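Below is one structure, written out as structure tokens; the observations come after it.
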Amino acid sequence: MDIKEYMQTVGRQARSASRRLATASTAEKNAALLAIAAAIRREKAALVAANQEDLAAARAAGLETAMLDRLTLSEKGVDSMAEGVEQVATLPDLIGEMSEIKFRPSGIQVGKMRVPLGVIGIIYEARPNVTADAAALCLKSGNAAILRGGSEAIRSNRAIAALVQEGLQAAGLPAECVQVINTTDRAAVGELITMREFVDVIVPRGGKGLIARLLADARVPMIQHLDGNCHVYIDDEADAGKALRIVENAKTQRYGTCNTAESLLVARSVAAVQLPAIATMLTEKGVEIRGCGETQALVPNAIAATEEDYYTEYLAPIISVKVVAGIDEAIAHINQYSSHHTEAIVTDNHPKAMRFLREVDSASVMINASTRFADGFEYGLGAEIGISTDKIHARGPVGLEGLTSQKWVVLGDGHVRA
């Protein structure tokens, strides 16, 4: 296969399909989404079987546990994937929506109209559900999608993509609205991230290695995040029961996700009371605790944390713990060591909670809730195409609005400028 020629063909098809999709009615897009969801449910067994082949190959290749977790697609996962597509169909169609219309002294009206970005290239590792999520969000927001999943999920991705294209054609839309790159050759990524004539934005979902490569080589703009070093801070006015439940869920519900808590901060005045109980819970669940000197004094099985630990996204049953003087030190620590993804405070003090919301510089900031809620589905976006730690264009879970732009519109009636 000539990779450059193949990718140019994919790009041209995507650009052509994007023009048709940008003019598609809400009814057409929703019909396609419902057809896709129905096809996914119909082929549940086939999708799980394809995923089992991917998992077998991944285990044989020695893929790490966190990646295997992300790669796994169970029957429940297939149902959730279909549900996500159906939920996107119920969301309002933003395309063509006009806002901020104002009369100017000249007599014209000036406002904005929401429009698709055009063609979106998504590069992701492991998670096959991203194929359906990304297809659904791009379709509803009027964007064509070029999807390049990891080689470890190639069978799952091909199977899902076939159902997506079936649903598109059933609704009278071009199958090329969503294309999955049908090669595992990494050269395809190099082409995708430099095809400015065909691709309007790249959304990467993967590890630091992937993001670093794209930042170095991409010529197409990106919506990206590097990692998810998420924090939970237990304030000196935190309810002990809430704190225990939140830390348990944030850290142990799943280890391989970017919204899993990797760092725990505890106010010094409550550490002696709250930290031992939390540590016992974490230890019973097999979590290794790496802590500061004060943590080690309170938790005998804690090992010494290094400076690097406070920067680390483990994606494993490991957590860094630090006892801090109070909210000032907690906010300073988070803003220094965090990847600016998601942080949570546990407190019954409203002014402190509001201060935490204002001063913590992350894409999602939470009060008395698990960091695991940082997710497009949980936020009511239907599904997410990724979680952005950028500050320009889109931040946090990226749903429909993050995949659109606005153009200025002017309404007149023969007006000319004086």
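Chains: A, B, ... in order of the structure tokens. Residues: from 1 per chain. Ligands: from 1, in order shown.
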
For the contact check between stretch 161-213 of chain A and stretch 399-411 of chain A, emit one row per residue of stretch 161-213 of chain A within 12 Å, containing the shortest atom pair and the distance in Å rounded to one decimal, counting only C-alpha atoms, chain then rising number order, as a Markdown table.
| residue | atom | partner | partner_atom | distance |
| --- | --- | --- | --- | --- |
| A:Asp200 | CA | A:Leu403 | CA | 10.6 |
| A:Val201 | CA | A:Leu403 | CA | 9.3 |
| A:Ile202 | CA | A:Leu403 | CA | 10.9 |
| A:Val203 | CA | A:Leu403 | CA | 10.1 |

message = Would you pick out the contacts of stretch 235-237 of chain A at 12 Å or less, using only C-alpha atoms, so that residues sharing its chain but fewer than 4 positions from it are not included, and give the list as a PyMOL selection string?
response = chain A and resi 242-243+264-275+323-331+344-353+356+367-368

Could you dump the residues just selected with N, CA, C and O atoms as a compact mmCIF listing (two decimals), in the first residue's frame?
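Here's the written file out.txt:
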# COMPACT_ATOMS: atom_id res chain seq x y z
N LYS A 242 -17.99 11.36 53.71
CA LYS A 242 -17.92 11.79 52.31
C LYS A 242 -16.51 11.60 51.76
O LYS A 242 -16.32 11.14 50.63
N ALA A 243 -15.52 12.00 52.56
CA ALA A 243 -14.13 11.91 52.11
C ALA A 243 -13.76 10.48 51.78
O ALA A 243 -13.15 10.20 50.74
N LEU A 264 -3.58 12.46 46.52
CA LEU A 264 -4.47 12.80 47.63
C LEU A 264 -3.77 13.80 48.53
O LEU A 264 -2.63 13.57 48.96
N LEU A 265 -4.44 14.90 48.82
CA LEU A 265 -3.94 15.91 49.74
C LEU A 265 -4.88 15.94 50.95
O LEU A 265 -6.10 15.92 50.78
N VAL A 266 -4.30 16.01 52.14
CA VAL A 266 -5.11 16.00 53.37
C VAL A 266 -4.67 17.15 54.27
O VAL A 266 -3.47 17.31 54.53
N ALA A 267 -5.63 17.94 54.75
CA ALA A 267 -5.31 19.04 55.65
C ALA A 267 -4.72 18.49 56.96
O ALA A 267 -5.21 17.50 57.51
N ARG A 268 -3.68 19.14 57.44
CA ARG A 268 -2.94 18.65 58.61
C ARG A 268 -3.83 18.47 59.84
O ARG A 268 -3.67 17.51 60.59
N SER A 269 -4.78 19.37 60.04
CA SER A 269 -5.58 19.33 61.27
C SER A 269 -6.50 18.11 61.35
O SER A 269 -6.98 17.76 62.42
N VAL A 270 -6.79 17.47 60.20
CA VAL A 270 -7.66 16.29 60.22
C VAL A 270 -6.93 15.02 59.78
O VAL A 270 -7.53 13.95 59.72
N ALA A 271 -5.65 15.14 59.45
CA ALA A 271 -4.92 13.99 58.90
C ALA A 271 -4.88 12.81 59.87
O ALA A 271 -5.08 11.66 59.47
N ALA A 272 -4.63 13.09 61.16
CA ALA A 272 -4.51 12.00 62.13
C ALA A 272 -5.80 11.22 62.28
O ALA A 272 -5.79 10.02 62.60
N VAL A 273 -6.95 11.89 62.05
CA VAL A 273 -8.24 11.23 62.19
C VAL A 273 -8.67 10.56 60.89
O VAL A 273 -9.12 9.41 60.88
N GLN A 274 -8.52 11.26 59.76
CA GLN A 274 -9.07 10.77 58.49
C GLN A 274 -8.13 9.91 57.67
O GLN A 274 -8.56 8.95 57.02
N LEU A 275 -6.83 10.23 57.69
CA LEU A 275 -5.91 9.52 56.80
C LEU A 275 -5.76 8.03 57.10
O LEU A 275 -5.76 7.21 56.17
N VAL A 323 0.37 15.49 53.22
CA VAL A 323 -0.32 16.27 54.24
C VAL A 323 0.06 17.72 54.03
O VAL A 323 1.25 18.06 53.93
N VAL A 324 -0.96 18.60 53.95
CA VAL A 324 -0.72 20.02 53.68
C VAL A 324 -1.28 20.87 54.82
O VAL A 324 -2.16 20.42 55.56
N ALA A 325 -0.78 22.09 54.92
CA ALA A 325 -1.21 22.96 56.01
C ALA A 325 -2.69 23.31 55.92
O ALA A 325 -3.39 23.42 56.92
N GLY A 326 -3.19 23.48 54.70
CA GLY A 326 -4.58 23.87 54.51
C GLY A 326 -4.83 24.18 53.05
O GLY A 326 -4.08 23.77 52.16
N ILE A 327 -5.88 24.93 52.79
CA ILE A 327 -6.31 25.15 51.41
C ILE A 327 -5.29 25.92 50.60
O ILE A 327 -5.11 25.68 49.40
N ASP A 328 -4.56 26.87 51.22
CA ASP A 328 -3.54 27.62 50.48
C ASP A 328 -2.50 26.68 49.88
O ASP A 328 -2.17 26.76 48.69
N GLU A 329 -1.96 25.81 50.73
CA GLU A 329 -0.93 24.88 50.25
C GLU A 329 -1.51 23.87 49.27
O GLU A 329 -0.85 23.48 48.31
N ALA A 330 -2.76 23.45 49.49
CA ALA A 330 -3.39 22.50 48.59
C ALA A 330 -3.51 23.08 47.18
O ALA A 330 -3.16 22.44 46.19
N ILE A 331 -4.01 24.31 47.09
CA ILE A 331 -4.17 24.96 45.77
C ILE A 331 -2.82 25.15 45.11
O ILE A 331 -2.65 24.88 43.90
N ALA A 344 -10.67 17.79 42.86
CA ALA A 344 -11.85 17.82 43.73
C ALA A 344 -11.46 18.24 45.14
O ALA A 344 -10.39 17.91 45.63
N ILE A 345 -12.37 18.99 45.77
CA ILE A 345 -12.23 19.33 47.18
C ILE A 345 -13.37 18.68 47.94
O ILE A 345 -14.51 18.64 47.46
N VAL A 346 -13.06 18.14 49.13
CA VAL A 346 -14.09 17.65 50.03
C VAL A 346 -14.14 18.61 51.21
O VAL A 346 -13.17 18.74 51.96
N THR A 347 -15.23 19.32 51.35
CA THR A 347 -15.36 20.32 52.42
C THR A 347 -16.82 20.65 52.65
O THR A 347 -17.64 20.56 51.72
N ASP A 348 -17.16 21.06 53.87
CA ASP A 348 -18.49 21.58 54.17
C ASP A 348 -18.46 23.10 54.32
O ASP A 348 -19.46 23.71 54.72
N ASN A 349 -17.31 23.71 53.97
CA ASN A 349 -17.15 25.16 54.06
C ASN A 349 -17.39 25.77 52.69
O ASN A 349 -16.55 25.63 51.78
N HIS A 350 -18.52 26.45 52.53
CA HIS A 350 -18.88 26.97 51.20
C HIS A 350 -17.89 28.01 50.67
O HIS A 350 -17.49 27.92 49.49
N PRO A 351 -17.48 29.02 51.45
CA PRO A 351 -16.51 29.99 50.92
C PRO A 351 -15.21 29.32 50.45
O PRO A 351 -14.66 29.70 49.41
N LYS A 352 -14.72 28.32 51.18
CA LYS A 352 -13.51 27.63 50.74
C LYS A 352 -13.76 26.86 49.45
O LYS A 352 -12.91 26.82 48.56
N ALA A 353 -14.92 26.23 49.35
CA ALA A 353 -15.25 25.49 48.13
C ALA A 353 -15.27 26.42 46.93
O ALA A 353 -14.74 26.09 45.86
N PHE A 356 -11.77 27.35 45.97
CA PHE A 356 -11.14 26.23 45.25
C PHE A 356 -11.58 26.23 43.78
O PHE A 356 -10.75 26.07 42.87
N ILE A 367 -16.66 19.98 43.74
CA ILE A 367 -16.88 20.08 45.18
C ILE A 367 -17.62 18.83 45.63
O ILE A 367 -18.69 18.51 45.11
N ASN A 368 -17.05 18.11 46.59
CA ASN A 368 -17.70 16.96 47.20
C ASN A 368 -18.21 15.94 46.18
O ASN A 368 -19.33 15.43 46.26

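If only C-alpha atoms are the atoms counted, then among A:Ile193, A:Val321, A:Val199, A:Ile181 the closest residue to A:Glu294 is A:Val321.
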
inquiry  = Could you list, as an MDAnalysis selection string, every residue within 7 Å of A:Asp133, counting only C-alpha atoms and ignoring same-chain residues fewer than 4 positions away?
reply    = chainID A and resid 84:85 129 137 383:385

Please write the residues from the selection above to a file, keeping N, CA and C atoms, as a compact mmCIF listing (two decimals), in the first residue's frame.
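Result written to selection-v8.txt:
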# COMPACT_ATOMS: atom_id res chain seq x y z
N GLY A 84 -24.83 5.55 24.25
CA GLY A 84 -24.18 6.83 24.02
C GLY A 84 -24.55 7.42 22.67
N VAL A 85 -24.59 6.57 21.64
CA VAL A 85 -24.97 7.04 20.29
C VAL A 85 -26.42 7.52 20.30
N ASN A 129 -14.43 1.84 22.02
CA ASN A 129 -15.68 2.62 22.12
C ASN A 129 -15.52 4.02 21.56
N LEU A 137 -20.53 11.91 17.66
CA LEU A 137 -20.39 13.34 17.92
C LEU A 137 -20.04 14.11 16.66
N ALA A 383 -21.74 11.81 24.70
CA ALA A 383 -20.47 11.09 24.64
C ALA A 383 -19.42 12.18 24.51
N GLU A 384 -18.17 11.80 24.58
CA GLU A 384 -17.13 12.80 24.42
C GLU A 384 -16.13 12.33 23.39
N ILE A 385 -15.53 13.29 22.72
CA ILE A 385 -14.49 12.96 21.76
C ILE A 385 -13.13 12.98 22.42

Using only C-alpha atoms, which protein or nucleic acid residues come within 6 Å of A:Thr342? Drop anything in the same chain fewer than 2 positions from it, and give the result as a tab-separated table (two decimals) with all heavy atoms, in the first residue's frame.
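Final file, around.tsv:
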chain	number	residue	atom	x	y	z
A	230	CYS	N	-4.89	13.68	38.49
A	230	CYS	CA	-6.03	14.31	39.17
A	230	CYS	C	-5.85	14.22	40.69
A	230	CYS	O	-5.32	13.24	41.21
A	230	CYS	CB	-7.33	13.62	38.76
A	230	CYS	SG	-7.60	13.61	36.98
A	362	SER	N	-7.66	24.08	36.47
A	362	SER	CA	-7.84	22.81	35.77
A	362	SER	C	-9.13	22.84	34.96
A	362	SER	O	-10.00	23.68	35.17
A	362	SER	CB	-7.86	21.64	36.77
A	362	SER	OG	-6.60	21.49	37.38
A	364	SER	N	-11.64	20.68	34.84
A	364	SER	CA	-12.82	20.39	35.65
A	364	SER	C	-12.43	20.51	37.12
A	364	SER	O	-11.39	19.99	37.54
A	364	SER	CB	-13.33	18.96	35.40
A	364	SER	OG	-13.93	18.83	34.13
A	365	VAL	N	-13.25	21.21	37.89
A	365	VAL	CA	-13.00	21.39	39.33
A	365	VAL	C	-14.30	21.05	40.05
A	365	VAL	O	-15.37	21.53	39.67
A	365	VAL	CB	-12.55	22.82	39.65
A	365	VAL	CG1	-12.15	22.93	41.12
A	365	VAL	CG2	-11.37	23.23	38.77

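Closest approach to A:Ser263 from the set A:Val232, A:Ala35, A:Val299, A:Ala134 is made by A:Val232, with distances taken over only C-alpha atoms.
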